[in-house]
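Participant: Structure file structure.pdb (PDB, C-alpha atoms) is given on the next line.
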```
ATOM      1  CA  MET A   1      92.926  97.889  89.686
ATOM      2  CA  LYS A   2      92.264  95.998  92.913
ATOM      3  CA  ARG A   3      89.662  97.237  95.364
ATOM      4  CA  ILE A   4      90.480  97.155  99.070
ATOM      5  CA  THR A   5      88.723  98.421 102.185
ATOM      6  CA  LEU A   6      90.642 100.047 105.025
ATOM      7  CA  LEU A   7      89.623 100.400 108.657
ATOM      8  CA  LEU A   8      91.293 103.210 110.602
ATOM      9  CA  CYS A   9      90.998 103.661 114.360
ATOM     10  CA  ALA A  10      92.600 106.253 116.630
ATOM     11  CA  ASN A  11      91.980 107.682 120.074
ATOM     12  CA  MET A  12      91.000 111.292 120.702
ATOM     13  CA  THR A  13      94.471 112.388 121.871
ATOM     14  CA  GLY A  14      96.026 111.006 118.696
ATOM     15  CA  ASP A  15      98.762 109.161 120.572
ATOM     16  CA  GLU A  16      97.364 105.713 119.828
ATOM     17  CA  LYS A  17      96.566 104.571 116.312
ATOM     18  CA  LEU A  18      95.650 100.930 115.891
ATOM     19  CA  PRO A  19      97.319  99.074 113.001
ATOM     20  CA  VAL A  20      95.577  99.636 109.674
ATOM     21  CA  PHE A  21      93.062  96.862 108.952
ATOM     22  CA  VAL A  22      92.907  96.050 105.224
ATOM     23  CA  ILE A  23      90.289  93.868 103.549
ATOM     24  CA  GLY A  24      90.981  92.509 100.084
ATOM     25  CA  LYS A  25      89.279  90.041  97.798
ATOM     26  CA  SER A  26      91.979  87.379  97.610
ATOM     27  CA  LYS A  27      92.870  85.263 100.622
ATOM     28  CA  GLN A  28      96.508  84.930  99.564
ATOM     29  CA  PRO A  29      97.545  87.463  96.879
ATOM     30  CA  ARG A  30     100.580  86.441  94.858
ATOM     31  CA  SER A  31     102.734  89.262  96.211
ATOM     32  CA  PHE A  32     102.068  88.255  99.839
ATOM     33  CA  PRO A  33     104.352  86.152 102.044
ATOM     34  CA  LYS A  34     102.965  82.767 103.063
ATOM     35  CA  ASP A  35     102.890  83.901 106.676
ATOM     36  CA  LEU A  36     100.330  86.727 106.761
ATOM     37  CA  SER A  37     101.473  87.742 110.242
ATOM     38  CA  LYS A  38     104.546  89.239 108.544
ATOM     39  CA  LEU A  39     102.417  91.778 106.680
ATOM     40  CA  PRO A  40     102.786  95.454 107.723
ATOM     41  CA  VAL A  41      99.031  95.684 108.434
ATOM     42  CA  ARG A  42      96.206  93.427 109.594
ATOM     43  CA  TYR A  43      94.769  91.704 106.506
ATOM     44  CA  ARG A  44      91.621  89.688 105.900
ATOM     45  CA  ASN A  45      89.567  88.919 102.804
ATOM     46  CA  SER A  46      85.908  88.911 101.808
ATOM     47  CA  ALA A  47      84.044  88.178  98.579
ATOM     48  CA  ASN A  48      83.778  91.839  97.556
ATOM     49  CA  ALA A  49      86.739  93.186  99.552
ATOM     50  CA  TRP A  50      84.204  94.945 101.783
ATOM     51  CA  MET A  51      83.894  95.069 105.541
ATOM     52  CA  THR A  52      81.491  92.447 106.872
ATOM     53  CA  GLY A  53      79.836  91.973 110.235
ATOM     54  CA  PHE A  54      81.937  88.854 110.825
ATOM     55  CA  LEU A  55      85.242  90.630 110.125
ATOM     56  CA  PHE A  56      84.250  93.606 112.249
ATOM     57  CA  LYS A  57      83.372  91.369 115.191
ATOM     58  CA  GLU A  58      86.619  89.425 114.793
ATOM     59  CA  TRP A  59      88.573  92.675 114.915
ATOM     60  CA  LEU A  60      86.648  93.861 117.985
ATOM     61  CA  TYR A  61      87.168  90.610 119.907
ATOM     62  CA  GLU A  62      90.908  90.626 119.197
ATOM     63  CA  TRP A  63      91.223  94.205 120.428
ATOM     64  CA  ASP A  64      89.028  93.488 123.450
ATOM     65  CA  ASN A  65      91.345  90.634 124.465
ATOM     66  CA  LYS A  66      94.383  92.918 124.238
ATOM     67  CA  LEU A  67      92.636  95.530 126.354
ATOM     68  CA  LYS A  68      91.927  92.903 129.022
ATOM     69  CA  ILE A  69      95.653  92.293 129.366
ATOM     70  CA  GLN A  70      96.248  96.056 129.631
ATOM     71  CA  ASP A  71      93.277  96.479 132.003
ATOM     72  CA  ARG A  72      91.940  99.357 129.889
ATOM     73  CA  ARG A  73      88.342 100.263 129.098
ATOM     74  CA  VAL A  74      87.553 102.060 125.848
ATOM     75  CA  LEU A  75      84.508 103.875 124.495
ATOM     76  CA  LEU A  76      84.372 103.263 120.728
ATOM     77  CA  LEU A  77      82.357 105.539 118.445
ATOM     78  CA  PHE A  78      81.387 104.397 114.965
ATOM     79  CA  ASP A  79      78.807 104.973 112.275
ATOM     80  CA  ASN A  80      75.624 102.991 111.947
ATOM     81  CA  CYS A  81      75.832 100.556 109.018
ATOM     82  CA  THR A  82      75.167  96.864 108.424
ATOM     83  CA  ALA A  83      78.891  96.051 108.466
ATOM     84  CA  HIS A  84      79.111  97.411 112.038
ATOM     85  CA  PRO A  85      76.770  95.178 114.061
ATOM     86  CA  ALA A  86      76.116  95.647 117.752
ATOM     87  CA  VAL A  87      78.212  93.348 119.952
ATOM     88  CA  ASP A  88      76.972  92.878 123.518
ATOM     89  CA  ASP A  89      79.572  90.569 125.062
ATOM     90  CA  LEU A  90      82.687  92.761 124.878
ATOM     91  CA  GLN A  91      84.276  93.254 128.277
ATOM     92  CA  MET A  92      86.573  96.239 127.765
ATOM     93  CA  ILE A  93      85.019  98.019 124.773
ATOM     94  CA  THR A  94      81.725  99.888 124.936
ATOM     95  CA  LEU A  95      80.241 100.583 121.513
ATOM     96  CA  LYS A  96      78.326 103.771 120.755
ATOM     97  CA  PHE A  97      76.638 104.243 117.385
ATOM     98  CA  LEU A  98      76.502 107.704 115.859
ATOM     99  CA  PRO A  99      72.930 108.777 114.994
ATOM    100  CA  PRO A 100      71.850 107.970 111.410
ATOM    101  CA  ASN A 101      72.881 110.440 108.708
ATOM    102  CA  THR A 102      75.267 112.334 110.990
ATOM    103  CA  THR A 103      78.585 110.801 109.931
ATOM    104  CA  SER A 104      79.698 113.898 108.033
ATOM    105  CA  LEU A 105      78.966 116.042 111.097
ATOM    106  CA  LEU A 106      79.991 113.874 114.064
ATOM    107  CA  GLN A 107      82.521 111.314 112.806
ATOM    108  CA  PRO A 108      86.009 112.651 113.704
ATOM    109  CA  MET A 109      87.618 110.610 110.934
ATOM    110  CA  ASP A 110      85.485 112.484 108.397
ATOM    111  CA  MET A 111      86.697 115.833 109.727
ATOM    112  CA  GLY A 112      90.095 115.517 108.086
ATOM    113  CA  VAL A 113      91.762 112.295 109.249
ATOM    114  CA  ILE A 114      90.816 110.342 106.122
ATOM    115  CA  LYS A 115      91.738 113.273 103.862
ATOM    116  CA  ASN A 116      95.156 113.623 105.492
ATOM    117  CA  PHE A 117      95.768 109.890 105.371
ATOM    118  CA  LYS A 118      95.004 109.827 101.641
ATOM    119  CA  GLY A 119      97.281 112.821 101.134
ATOM    120  CA  HIS A 120     100.201 111.070 102.842
ATOM    121  CA  TYR A 121      99.489 107.900 100.850
ATOM    122  CA  ARG A 122      99.468 109.744  97.501
ATOM    123  CA  SER A 123     102.651 111.617  98.444
ATOM    124  CA  ARG A 124     104.477 108.383  99.193
ATOM    125  CA  LEU A 125     103.119 106.789  96.024
ATOM    126  CA  ASN A 126     104.324 109.757  93.960
ATOM    127  CA  ASP A 127     107.756 109.559  95.611
ATOM    128  CA  ARG A 128     107.970 105.904  94.627
ATOM    129  CA  ILE A 129     106.985 106.635  91.017
ATOM    130  CA  ILE A 130     109.446 109.552  90.734
ATOM    131  CA  ALA A 131     112.264 107.402  92.141
ATOM    132  CA  SER A 132     111.499 104.722  89.552
ATOM    133  CA  LEU A 133     111.458 107.330  86.749
ATOM    134  CA  ASP A 134     114.825 108.666  87.897
ATOM    135  CA  ALA A 135     116.256 105.158  87.849
ATOM    136  CA  ASN A 136     114.619 104.231  84.527
ATOM    137  CA  PRO A 137     114.024 107.372  82.386
ATOM    138  CA  ASP A 138     112.491 105.333  79.552
ATOM    139  CA  GLU A 139     109.583 104.198  81.726
ATOM    140  CA  LYS A 140     106.241 105.971  81.948
ATOM    141  CA  ALA A 141     104.538 106.941  85.203
ATOM    142  CA  ILE A 142     101.369 105.064  84.253
ATOM    143  CA  GLY A 143     103.383 101.919  83.617
ATOM    144  CA  ILE A 144     105.132 102.188  86.967
ATOM    145  CA  SER A 145     101.867 102.742  88.820
ATOM    146  CA  LYS A 146     100.426  99.579  87.257
ATOM    147  CA  LYS A 147     103.336  97.599  88.697
ATOM    148  CA  ILE A 148     102.467  98.602  92.265
ATOM    149  CA  THR A 149     101.449  95.371  93.999
ATOM    150  CA  LEU A 150      98.932  94.996  96.790
ATOM    151  CA  LEU A 151     101.855  94.322  99.135
ATOM    152  CA  ASN A 152     103.441  97.618  98.056
ATOM    153  CA  ALA A 153     100.127  99.359  98.748
ATOM    154  CA  LEU A 154      99.963  97.882 102.255
ATOM    155  CA  TYR A 155     103.397  99.270 103.107
ATOM    156  CA  LEU A 156     102.404 102.652 101.707
ATOM    157  CA  ALA A 157      99.206 102.589 103.804
ATOM    158  CA  ARG A 158     101.109 101.656 106.964
ATOM    159  CA  ASP A 159     103.640 104.460 106.457
ATOM    160  CA  ALA A 160     100.944 107.018 105.592
ATOM    161  CA  TRP A 161      99.070 106.150 108.822
ATOM    162  CA  LYS A 162     102.270 106.455 110.856
ATOM    163  CA  GLU A 163     102.945 109.860 109.309
ATOM    164  CA  LEU A 164      99.579 111.270 110.384
ATOM    165  CA  LYS A 165     100.261 113.687 113.246
ATOM    166  CA  PRO A 166      98.499 113.356 116.623
ATOM    167  CA  SER A 167      97.630 117.063 116.431
ATOM    168  CA  THR A 168      95.649 116.402 113.238
ATOM    169  CA  ILE A 169      93.593 113.741 114.986
ATOM    170  CA  VAL A 170      93.004 115.956 118.037
ATOM    171  CA  ASN A 171      91.802 118.789 115.790
ATOM    172  CA  CYS A 172      89.411 116.458 113.965
ATOM    173  CA  TYR A 173      87.920 115.202 117.239
ATOM    174  CA  SER A 174      87.528 118.829 118.298
ATOM    175  CA  LYS A 175      85.689 119.688 115.059
ATOM    176  CA  ALA A 176      83.288 116.838 115.874
ATOM    177  CA  GLY A 177      82.658 118.372 119.310
ATOM    178  CA  LEU A 178      84.922 116.006 121.266
ATOM    179  CA  SER A 179      87.759 117.487 123.286
ATOM    180  CA  ALA A 180      90.476 115.581 125.110
ATOM    181  CA  CYS A 181      90.752 118.557 127.483
ATOM    182  CA  ALA A 182      87.225 118.130 128.823
ATOM    183  CA  THR A 183      86.846 116.946 132.388
ATOM    184  CA  GLU A 184      85.384 113.512 133.069
ATOM    185  CA  GLU A 185      82.142 115.147 134.187
ATOM    186  CA  GLU A 186      81.917 117.263 131.020
ATOM    187  CA  ALA A 187      82.686 114.350 128.731
ATOM    188  CA  ASP A 188      80.724 111.808 130.789
ATOM    189  CA  MET A 189      83.714 109.461 130.575
ATOM    190  CA  GLY A 190      82.892 107.477 133.690
ATOM    191  CA  ASP A 191      85.230 104.497 134.023
ATOM    192  CA  PHE A 192      86.638 104.708 130.493
ATOM    193  CA  HIS A 193      90.376 105.167 130.012
ATOM    194  CA  ASP A 194      90.058 106.335 126.420
ATOM    195  CA  VAL A 195      87.712 107.336 123.622
ATOM    196  CA  ALA A 196      88.364 106.087 120.094
ATOM    197  CA  THR A 197      86.589 106.214 116.771
ATOM    198  CA  VAL A 198      86.706 103.886 113.798
ATOM    199  CA  VAL A 199      85.919 104.224 110.101
ATOM    200  CA  SER A 200      86.060 101.724 107.254
ATOM    201  CA  GLY A 201      85.699 102.336 103.582
TER     202      GLY A 201
END
```
Just give me the structure of the file as structure tokens.

Facilitator:
Amino acid sequence: MKRITLLLCANMTGDEKLPVFVIGKSKQPRSFPKDLSKLPVRYRNSANAWMTGFLFKEWLYEWDNKLKIQDRRVLLLFDNCTAHPAVDDLQMITLKFLPPNTTSLLQPMDMGVIKNFKGHYRSRLNDRIIASLDANPDEKAIGISKKITLLNALYLARDAWKELKPSTIVNCYSKAGLSACATEEEADMGDFHDVATVVSG
């Protein structure tokens, strides 16, 4: 079994979900194409397949550059951990750390987004296994699941993220006390065009 880390990021209205960011251990897994830009998700590697400060900063700078082109300013909420370092030279993204030990209470992704994403992923994985069993009745489900490659998993993750409904994300932000219906004064939005939150694990 291969360990991977996923980063998910969506805005509070649920109408913008950034591509899934996957971190694996191998730089070029055997199932991958030579050109990693053809992958269905953003992929990087680290020694333990964990998020690192370097990878997080790289992701932030890439997104910041895209936001410059769009002339959009974003307030990004995320939990306080060593893999999420403070970055002071972003031009379009303002980072706000959640207070320590409040992730389960204030992180919108923990209010149901991650759970729903995993549910969609498992559903698609089960559909794949059932289809294989129908085509090859002599096979066992455990044997089929062991044949799932990392590339297969990336496609499943991309499709599961696409399937997540905007209304689910809005409800999860609301449970965390953040409402897209609030006025700018109520939400203290200032010059920001959007609020987004990120989680990796």

Participant: With all atoms listed in the file as the basis for distance, which of A:Met92, A:Ala196, A:Ala176, A:Ala157 is at the shortest distance from Val20 in chain A?

Facilitator: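 Of the candidates, the smallest distance to Val20 in chain A is held by A:Ala157.
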
Participant: Contacts of Thr197 in chain A at 9 Å or less, counting all atoms listed in the file, minus same-chain residues fewer than 2 places along, as JSON, numbers by chain?

Facilitator: {"A": [8, 9, 10, 11, 12, 75, 76, 77, 78, 107, 108, 109, 195, 199]}

Participant: Taking all atoms listed in the file into account, which of A:Gln70, A:Asn101, A:Thr5, A:Thr94 comes nearest Leu55 in chain A?

Facilitator: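 So, comparing all the options, the nearest one is A:Thr5.
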
Participant: What separation in Å, quoted to one decimal, exists between CA of Leu156 in chain A and CA of Leu125 in chain A?

Facilitator: 7.1 Å

Participant: Return the single residue from A:Leu18, A:Ile23, A:Leu178, A:Leu98 that is closest to Leu150 in chain A, with distances computed using only C-alpha atoms.

Facilitator: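 The closest residue to Leu150 in chain A is A:Ile23.
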
Participant: Atoms are missing here; could range 150-161 of chain A be completed with all heavy atoms and written as a CSV table (one decimal), in the coordinates of the input?

Facilitator:
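Wrote it out as result34.csv, contents follow:
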```csv
chain,number,residue,atom,x,y,z
A,150,LEU,N,99.7,94.8,95.6
A,150,LEU,CA,98.9,95.0,96.8
A,150,LEU,C,99.8,95.1,98.0
A,150,LEU,O,99.6,95.9,98.9
A,150,LEU,CB,97.9,93.9,96.9
A,150,LEU,CG,97.0,93.9,98.2
A,150,LEU,CD1,96.2,95.3,98.2
A,150,LEU,CD2,96.0,92.8,98.1
A,151,LEU,N,100.9,94.3,98.0
A,151,LEU,CA,101.9,94.3,99.1
A,151,LEU,C,102.5,95.7,99.2
A,151,LEU,O,102.6,96.3,100.3
A,151,LEU,CB,102.9,93.2,99.0
A,151,LEU,CG,104.0,93.1,100.1
A,151,LEU,CD1,103.3,92.8,101.4
A,151,LEU,CD2,105.0,92.1,99.8
A,152,ASN,N,102.9,96.3,98.1
A,152,ASN,CA,103.4,97.6,98.1
A,152,ASN,C,102.4,98.6,98.7
A,152,ASN,O,102.8,99.5,99.5
A,152,ASN,CB,103.8,98.0,96.6
A,152,ASN,CG,104.8,97.2,95.9
A,152,ASN,OD1,104.8,97.1,94.7
A,152,ASN,ND2,105.8,96.8,96.7
A,153,ALA,N,101.2,98.5,98.3
A,153,ALA,CA,100.1,99.4,98.7
A,153,ALA,C,100.0,99.3,100.3
A,153,ALA,O,99.7,100.3,100.9
A,153,ALA,CB,98.8,99.1,98.0
A,154,LEU,N,100.1,98.1,100.8
A,154,LEU,CA,100.0,97.9,102.3
A,154,LEU,C,101.1,98.6,103.0
A,154,LEU,O,100.8,99.2,104.1
A,154,LEU,CB,100.0,96.4,102.6
A,154,LEU,CG,98.9,95.5,102.0
A,154,LEU,CD1,98.8,94.2,102.7
A,154,LEU,CD2,97.5,96.2,102.2
A,155,TYR,N,102.3,98.6,102.5
A,155,TYR,CA,103.4,99.3,103.1
A,155,TYR,C,103.2,100.8,103.0
A,155,TYR,O,103.5,101.5,104.0
A,155,TYR,CB,104.7,98.9,102.5
A,155,TYR,CG,105.3,97.6,103.0
A,155,TYR,CD1,105.2,96.4,102.4
A,155,TYR,CD2,106.0,97.6,104.3
A,155,TYR,CE1,105.7,95.2,102.9
A,155,TYR,CE2,106.5,96.5,104.8
A,155,TYR,CZ,106.4,95.3,104.1
A,155,TYR,OH,106.9,94.1,104.7
A,156,LEU,N,102.7,101.2,101.9
A,156,LEU,CA,102.4,102.7,101.7
A,156,LEU,C,101.3,103.1,102.7
A,156,LEU,O,101.4,104.2,103.3
A,156,LEU,CB,101.9,102.9,100.3
A,156,LEU,CG,103.0,102.8,99.2
A,156,LEU,CD1,102.3,102.9,97.8
A,156,LEU,CD2,104.1,103.8,99.3
A,157,ALA,N,100.3,102.3,102.9
A,157,ALA,CA,99.2,102.6,103.8
A,157,ALA,C,99.7,102.6,105.2
A,157,ALA,O,99.4,103.5,106.0
A,157,ALA,CB,98.1,101.6,103.7
A,158,ARG,N,100.5,101.7,105.6
A,158,ARG,CA,101.1,101.7,107.0
A,158,ARG,C,101.9,102.9,107.2
A,158,ARG,O,101.8,103.6,108.3
A,158,ARG,CB,102.0,100.4,107.2
A,158,ARG,CG,102.6,100.4,108.5
A,158,ARG,CD,103.9,99.5,108.6
A,158,ARG,NE,104.9,100.0,107.7
A,158,ARG,CZ,106.1,99.5,107.5
A,158,ARG,NH1,106.4,98.3,108.1
A,158,ARG,NH2,107.0,100.0,106.8
A,159,ASP,N,102.8,103.3,106.3
A,159,ASP,CA,103.6,104.5,106.5
A,159,ASP,C,102.8,105.8,106.5
A,159,ASP,O,103.1,106.7,107.2
A,159,ASP,CB,104.7,104.5,105.4
A,159,ASP,CG,105.7,103.3,105.5
A,159,ASP,OD1,105.8,102.7,106.5
A,159,ASP,OD2,106.4,103.1,104.5
A,160,ALA,N,101.8,105.8,105.6
A,160,ALA,CA,100.9,107.0,105.6
A,160,ALA,C,100.2,107.2,106.9
A,160,ALA,O,100.1,108.3,107.4
A,160,ALA,CB,99.9,106.9,104.5
A,161,TRP,N,99.8,106.1,107.5
A,161,TRP,CA,99.1,106.2,108.8
A,161,TRP,C,100.0,106.6,109.9
A,161,TRP,O,99.7,107.4,110.8
A,161,TRP,CB,98.5,104.8,109.1
A,161,TRP,CG,97.6,104.7,110.3
A,161,TRP,CD1,97.7,103.7,111.3
A,161,TRP,CD2,96.4,105.5,110.7
A,161,TRP,NE1,96.7,103.9,112.2
A,161,TRP,CE2,95.9,104.9,111.8
A,161,TRP,CE3,95.8,106.6,110.1
A,161,TRP,CZ2,94.8,105.5,112.5
A,161,TRP,CZ3,94.7,107.1,110.7
A,161,TRP,CH2,94.2,106.6,111.9
```
